[in-house]
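What's in work-v7.pdb: PDB, C-alpha atoms, pLDDT in the B column
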```
ATOM      1  CA  MET A   1     -16.117   1.343  15.368  1.00 31.00           C
ATOM      2  CA  THR A   2     -15.371   4.954  14.596  1.00 37.00           C
ATOM      3  CA  THR A   3     -15.264   5.772  10.927  1.00 40.00           C
ATOM      4  CA  MET A   4     -13.244   8.529   9.375  1.00 49.00           C
ATOM      5  CA  GLN A   5     -14.533  10.656   6.554  1.00 53.00           C
ATOM      6  CA  SER A   6     -12.475  10.721   3.407  1.00 56.00           C
ATOM      7  CA  PRO A   7     -11.029  14.156   2.696  1.00 68.00           C
ATOM      8  CA  ASP A   8     -12.912  16.119   0.049  1.00 61.00           C
ATOM      9  CA  THR A   9     -11.583  16.378  -3.486  1.00 61.00           C
ATOM     10  CA  SER A  10     -10.233  19.899  -2.906  1.00 69.00           C
ATOM     11  CA  THR A  11      -7.661  18.467  -0.467  1.00 77.00           C
ATOM     12  CA  ARG A  12      -4.495  17.438  -2.295  1.00 82.00           C
ATOM     13  CA  PHE A  13      -2.121  14.618  -1.373  1.00 85.00           C
ATOM     14  CA  PRO A  14       1.013  14.904  -3.566  1.00 84.00           C
ATOM     15  CA  GLU A  15       2.769  12.784  -0.908  1.00 88.00           C
ATOM     16  CA  ALA A  16       1.236  10.090   1.212  1.00 93.00           C
ATOM     17  CA  ALA A  17      -0.715  11.237   4.257  1.00 94.00           C
ATOM     18  CA  ILE A  18      -0.391   8.467   6.852  1.00 95.00           C
ATOM     19  CA  LEU A  19      -2.786   8.675   9.798  1.00 94.00           C
ATOM     20  CA  ALA A  20      -3.264   6.378  12.778  1.00 95.00           C
ATOM     21  CA  ASP A  21      -6.897   6.058  13.788  1.00 93.00           C
ATOM     22  CA  GLU A  22      -7.214   6.904  17.488  1.00 89.00           C
ATOM     23  CA  HIS A  23     -10.237   4.660  18.073  1.00 93.00           C
ATOM     24  CA  VAL A  24      -9.353   1.422  16.268  1.00 96.00           C
ATOM     25  CA  PRO A  25      -5.948  -0.152  15.481  1.00 97.00           C
ATOM     26  CA  ALA A  26      -5.921   1.093  11.914  1.00 97.00           C
ATOM     27  CA  ILE A  27      -3.805   3.123   9.543  1.00 96.00           C
ATOM     28  CA  HIS A  28      -5.187   5.357   6.774  1.00 96.00           C
ATOM     29  CA  ILE A  29      -3.053   6.323   3.789  1.00 97.00           C
ATOM     30  CA  TRP A  30      -4.202   8.850   1.206  1.00 97.00           C
ATOM     31  CA  ARG A  31      -2.236   9.686  -1.945  1.00 97.00           C
ATOM     32  CA  ASP A  32      -3.228  11.427  -5.185  1.00 97.00           C
ATOM     33  CA  PHE A  33      -1.797  10.447  -8.569  1.00 97.00           C
ATOM     34  CA  ASP A  34      -1.912  11.891 -12.076  1.00 97.00           C
ATOM     35  CA  ALA A  35      -3.318   8.562 -13.238  1.00 97.00           C
ATOM     36  CA  THR A  36      -6.535   6.761 -13.965  1.00 97.00           C
ATOM     37  CA  PRO A  37      -8.000   4.226 -11.535  1.00 97.00           C
ATOM     38  CA  ALA A  38      -7.146   1.544 -14.133  1.00 97.00           C
ATOM     39  CA  GLN A  39      -3.448   2.529 -14.063  1.00 97.00           C
ATOM     40  CA  LEU A  40      -3.278   2.352 -10.254  1.00 97.00           C
ATOM     41  CA  PHE A  41      -5.163  -0.945 -10.289  1.00 98.00           C
ATOM     42  CA  ARG A  42      -2.552  -2.387 -12.682  1.00 97.00           C
ATOM     43  CA  ALA A  43       0.270  -1.062 -10.478  1.00 98.00           C
ATOM     44  CA  HIS A  44      -1.165  -2.993  -7.543  1.00 98.00           C
ATOM     45  CA  THR A  45      -2.264  -6.195  -9.286  1.00 98.00           C
ATOM     46  CA  GLU A  46       0.256  -6.946 -12.055  1.00 97.00           C
ATOM     47  CA  ALA A  47       3.305  -8.632 -10.537  1.00 97.00           C
ATOM     48  CA  GLY A  48       5.773  -7.277 -13.099  1.00 96.00           C
ATOM     49  CA  ILE A  49       4.672  -3.711 -12.470  1.00 97.00           C
ATOM     50  CA  PHE A  50       4.293  -4.097  -8.696  1.00 96.00           C
ATOM     51  CA  SER A  51       7.869  -5.363  -8.331  1.00 95.00           C
ATOM     52  CA  GLN A  52       9.195  -2.222 -10.054  1.00 94.00           C
ATOM     53  CA  TRP A  53       7.810   0.242  -7.538  1.00 95.00           C
ATOM     54  CA  VAL A  54       7.124  -1.398  -4.170  1.00 94.00           C
ATOM     55  CA  GLY A  55       9.188  -0.378  -1.153  1.00 84.00           C
ATOM     56  CA  PRO A  56      12.082   1.963  -0.502  1.00 85.00           C
ATOM     57  CA  LYS A  57      13.988   3.100  -3.595  1.00 84.00           C
ATOM     58  CA  ASP A  58      17.164   1.172  -2.720  1.00 81.00           C
ATOM     59  CA  VAL A  59      15.348  -2.146  -2.293  1.00 84.00           C
ATOM     60  CA  GLY A  60      14.660  -4.776  -4.919  1.00 81.00           C
ATOM     61  CA  ALA A  61      11.478  -6.873  -4.827  1.00 91.00           C
ATOM     62  CA  ASP A  62      11.286 -10.508  -5.898  1.00 94.00           C
ATOM     63  CA  ILE A  63       7.739 -11.771  -6.459  1.00 97.00           C
ATOM     64  CA  THR A  64       7.633 -15.368  -5.237  1.00 96.00           C
ATOM     65  CA  HIS A  65       3.911 -15.992  -5.759  1.00 97.00           C
ATOM     66  CA  TRP A  66       1.205 -13.817  -7.344  1.00 98.00           C
ATOM     67  CA  GLU A  67      -2.462 -14.611  -8.063  1.00 98.00           C
ATOM     68  CA  ALA A  68      -4.303 -11.280  -8.224  1.00 98.00           C
ATOM     69  CA  HIS A  69      -7.909 -12.462  -8.313  1.00 98.00           C
ATOM     70  CA  ASP A  70     -10.699 -12.987  -5.781  1.00 98.00           C
ATOM     71  CA  GLY A  71      -9.455 -15.741  -3.475  1.00 98.00           C
ATOM     72  CA  GLY A  72      -5.871 -15.542  -4.774  1.00 98.00           C
ATOM     73  CA  SER A  73      -2.714 -15.074  -2.750  1.00 98.00           C
ATOM     74  CA  TRP A  74       0.626 -13.340  -3.034  1.00 98.00           C
ATOM     75  CA  SER A  75       4.108 -13.192  -1.529  1.00 98.00           C
ATOM     76  CA  TYR A  76       7.288 -11.309  -2.238  1.00 96.00           C
ATOM     77  CA  SER A  77      10.672 -10.731  -0.670  1.00 95.00           C
ATOM     78  CA  VAL A  78      12.799  -7.608  -0.661  1.00 91.00           C
ATOM     79  CA  ARG A  79      16.489  -7.159  -0.154  1.00 87.00           C
ATOM     80  CA  GLY A  80      18.619  -4.120   0.167  1.00 79.00           C
ATOM     81  CA  THR A  81      20.566  -2.094   2.682  1.00 73.00           C
ATOM     82  CA  ASP A  82      19.367   0.119   5.491  1.00 65.00           C
ATOM     83  CA  GLY A  83      22.497   2.262   5.270  1.00 66.00           C
ATOM     84  CA  ARG A  84      24.499   0.086   7.645  1.00 70.00           C
ATOM     85  CA  GLU A  85      23.925  -3.516   6.694  1.00 73.00           C
ATOM     86  CA  GLU A  86      22.184  -5.673   4.134  1.00 80.00           C
ATOM     87  CA  PHE A  87      18.802  -7.171   4.928  1.00 80.00           C
ATOM     88  CA  GLU A  88      16.173  -9.443   3.442  1.00 86.00           C
ATOM     89  CA  THR A  89      12.556  -9.668   4.513  1.00 89.00           C
ATOM     90  CA  SER A  90       9.298 -10.894   3.051  1.00 94.00           C
ATOM     91  CA  PHE A  91       5.572 -10.184   2.947  1.00 95.00           C
ATOM     92  CA  ARG A  92       2.555 -12.328   2.139  1.00 97.00           C
ATOM     93  CA  GLY A  93      -1.210 -12.195   2.008  1.00 98.00           C
ATOM     94  CA  CYS A  94      -4.438 -13.198   0.323  1.00 98.00           C
ATOM     95  CA  PHE A  95      -6.557 -11.269  -2.137  1.00 98.00           C
ATOM     96  CA  HIS A  96     -10.211 -11.241  -1.098  1.00 98.00           C
ATOM     97  CA  THR A  97     -11.678  -8.730  -3.554  1.00 98.00           C
ATOM     98  CA  VAL A  98     -10.004  -7.632  -6.766  1.00 98.00           C
ATOM     99  CA  ARG A  99     -11.926  -4.962  -8.705  1.00 96.00           C
ATOM    100  CA  GLU A 100     -10.702  -1.982 -10.693  1.00 95.00           C
ATOM    101  CA  ASP A 101     -11.958   0.424  -8.005  1.00 95.00           C
ATOM    102  CA  ARG A 102     -11.268  -1.702  -4.897  1.00 97.00           C
ATOM    103  CA  LEU A 103      -8.781  -4.221  -3.516  1.00 98.00           C
ATOM    104  CA  VAL A 104      -9.263  -6.098  -0.256  1.00 98.00           C
ATOM    105  CA  GLN A 105      -6.355  -8.204   0.950  1.00 98.00           C
ATOM    106  CA  THR A 106      -4.558  -9.448   4.015  1.00 98.00           C
ATOM    107  CA  PHE A 107      -1.001  -8.312   4.673  1.00 96.00           C
ATOM    108  CA  THR A 108       1.648  -9.974   6.843  1.00 94.00           C
ATOM    109  CA  TRP A 109       5.283  -8.945   7.271  1.00 89.00           C
ATOM    110  CA  ASP A 110       7.631 -11.736   8.326  1.00 91.00           C
ATOM    111  CA  GLY A 111       9.171  -9.391  10.908  1.00 86.00           C
ATOM    112  CA  MET A 112       5.847  -9.480  12.785  1.00 85.00           C
ATOM    113  CA  PRO A 113       4.309 -12.814  11.695  1.00 90.00           C
ATOM    114  CA  ASP A 114       1.551 -12.774  14.318  1.00 88.00           C
ATOM    115  CA  GLU A 115       0.268  -9.367  13.213  1.00 88.00           C
ATOM    116  CA  VAL A 116      -2.007  -9.667  10.182  1.00 93.00           C
ATOM    117  CA  SER A 117      -3.755  -6.630   8.784  1.00 96.00           C
ATOM    118  CA  LEU A 118      -6.837  -6.475   6.610  1.00 98.00           C
ATOM    119  CA  GLU A 119      -6.304  -3.811   3.969  1.00 98.00           C
ATOM    120  CA  THR A 120      -8.984  -2.177   1.869  1.00 98.00           C
ATOM    121  CA  MET A 121      -7.688   0.007  -0.930  1.00 98.00           C
ATOM    122  CA  THR A 122      -9.900   2.185  -3.084  1.00 98.00           C
ATOM    123  CA  PHE A 123      -9.114   4.150  -6.234  1.00 97.00           C
ATOM    124  CA  GLU A 124     -11.342   7.227  -6.477  1.00 96.00           C
ATOM    125  CA  ASP A 125     -11.542   8.976  -9.832  1.00 96.00           C
ATOM    126  CA  LEU A 126     -11.104  12.706  -9.121  1.00 95.00           C
ATOM    127  CA  GLY A 127     -11.563  13.737 -12.754  1.00 94.00           C
ATOM    128  CA  ASP A 128      -9.011  15.416 -15.030  1.00 91.00           C
ATOM    129  CA  GLY A 129      -6.923  12.209 -15.132  1.00 94.00           C
ATOM    130  CA  ARG A 130      -6.333  12.192 -11.360  1.00 96.00           C
ATOM    131  CA  THR A 131      -7.053   9.399  -8.899  1.00 97.00           C
ATOM    132  CA  ARG A 132      -6.996   9.267  -5.107  1.00 96.00           C
ATOM    133  CA  LEU A 133      -5.734   6.098  -3.490  1.00 97.00           C
ATOM    134  CA  HIS A 134      -7.054   5.425   0.008  1.00 97.00           C
ATOM    135  CA  ALA A 135      -5.647   2.462   1.912  1.00 97.00           C
ATOM    136  CA  PHE A 136      -7.268   1.464   5.192  1.00 97.00           C
ATOM    137  CA  SER A 137      -5.280  -1.153   7.111  1.00 97.00           C
ATOM    138  CA  LEU A 138      -6.984  -2.699  10.129  1.00 98.00           C
ATOM    139  CA  CYS A 139      -4.325  -4.247  12.368  1.00 96.00           C
ATOM    140  CA  ASP A 140      -4.647  -6.933  15.052  1.00 93.00           C
ATOM    141  CA  SER A 141      -3.761  -4.579  17.892  1.00 94.00           C
ATOM    142  CA  PHE A 142      -2.787  -1.020  18.743  1.00 95.00           C
ATOM    143  CA  GLU A 143       0.668  -2.309  19.677  1.00 93.00           C
ATOM    144  CA  GLY A 144       1.104  -3.951  16.284  1.00 90.00           C
ATOM    145  CA  ARG A 145      -0.162  -0.883  14.454  1.00 93.00           C
ATOM    146  CA  ASP A 146       2.172   1.382  16.401  1.00 94.00           C
ATOM    147  CA  ALA A 147       5.118  -0.940  15.720  1.00 90.00           C
ATOM    148  CA  TRP A 148       4.370  -0.723  11.983  1.00 86.00           C
ATOM    149  CA  LEU A 149       4.286   3.057  12.211  1.00 92.00           C
ATOM    150  CA  ARG A 150       7.632   3.066  14.069  1.00 92.00           C
ATOM    151  CA  SER A 151       9.177   0.668  11.516  1.00 85.00           C
ATOM    152  CA  GLY A 152       9.863   3.420   8.997  1.00 84.00           C
ATOM    153  CA  MET A 153       7.061   2.264   6.702  1.00 88.00           C
ATOM    154  CA  GLU A 154       6.524   5.842   5.502  1.00 91.00           C
ATOM    155  CA  VAL A 155       9.857   5.694   3.645  1.00 90.00           C
ATOM    156  CA  GLY A 156       8.755   2.650   1.658  1.00 90.00           C
ATOM    157  CA  VAL A 157       5.297   4.094   1.049  1.00 94.00           C
ATOM    158  CA  ASN A 158       6.585   7.468  -0.181  1.00 94.00           C
ATOM    159  CA  ASP A 159       9.473   6.015  -2.216  1.00 94.00           C
ATOM    160  CA  GLY A 160       7.154   3.459  -3.807  1.00 95.00           C
ATOM    161  CA  TYR A 161       4.526   6.026  -4.723  1.00 96.00           C
ATOM    162  CA  ALA A 162       7.216   8.333  -6.129  1.00 96.00           C
ATOM    163  CA  ALA A 163       8.313   5.404  -8.319  1.00 96.00           C
ATOM    164  CA  ILE A 164       4.721   5.066  -9.576  1.00 97.00           C
ATOM    165  CA  ASP A 165       4.808   8.795 -10.421  1.00 97.00           C
ATOM    166  CA  ARG A 166       8.028   8.253 -12.430  1.00 97.00           C
ATOM    167  CA  MET A 167       6.546   5.257 -14.248  1.00 97.00           C
ATOM    168  CA  LEU A 168       3.480   7.308 -15.137  1.00 97.00           C
ATOM    169  CA  ALA A 169       5.617  10.228 -16.381  1.00 96.00           C
ATOM    170  CA  GLU A 170       7.714   7.839 -18.510  1.00 96.00           C
ATOM    171  CA  GLY A 171       4.587   6.237 -19.941  1.00 95.00           C
ATOM    172  CA  SER A 172       5.532   2.774 -18.680  1.00 92.00           C
ATOM    173  CA  LEU A 173       2.338   2.411 -16.643  1.00 91.00           C
TER     174      LEU A 173
END
```
Represent the structure from my file as structure tokens, please.
Amino acid sequence: MTTMQSPDTSTRFPEAAILADEHVPAIHIWRDFDATPAQLFRAHTEAGIFSQWVGPKDVGADITHWEAHDGGSWSYSVRGTDGREEFETSFRGCFHTVREDRLVQTFTWDGMPDEVSLETMTFEDLGDGRTRLHAFSLCDSFEGRDAWLRSGMEVGVNDGYAAIDRMLAEGSL
């Protein structure tokens, strides 16, 4: 397996950088926040906070199951409009490792139920109240990974992370 080096701390990611690994069916996402690792950990593990930011800005999330601990599981549905028609879809997975600096979980979208990714997310303290999120999602296949990338996922990722920025600025996270 080819590994990719994390960018150095002088590189800035005010918006998500989404990169497909050319050697394995994986997606890397890097994003910097004016937050502590503990704040980003809460955003990703507390259901009430997670539901406020996840996904595109015009979509509402309904947490249907949430156990954010080693061996726990989760599921949520989202509904909204894609500009032409209303839609509803859902996601589910299992938490494998839940630590303040690292989350490991599976991720399945009901639109591609046979494609399960293993996601490792780290929260790197950059100092000065800044934290770098790095998500590494290993997909089942190159075809599945490429379908995710074509799905418009970057809109949900960027809108969601912008919502975290707003929550941080408002002091609600």
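We find CA of Leu168 in chain A and CA of Gly72 in chain A to be spaced 26.8 Å apart.
Against this structure, the PyMOL selection byres ((chain A and resi 134) around 10) ends up with Ser6, Pro7, Ala16, Ala17, His28, Ile29, Trp30, Arg31, Asp32, Arg102, Thr120, Met121, Thr122, Phe123, Glu124, Thr131, Arg132, Leu133, Ala135, Phe136 and Ser137 of chain A.
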### Query
What does the distance between CA of Phe142 in chain A and CA of Val157 in chain A come to in Å, to one decimal place?
20.1 Å
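Distance annotation: of A:Leu103, A:Ala20, A:Ile63, A:Cys94, the residue with the minimal separation from Glu143 in chain A is A:Ala20; atom set is only C-alpha atoms.
Atom pair CA of Phe33 in chain A / CA of Ile18 in chain A has a distance of 15.6 Å (rounded to one decimal).
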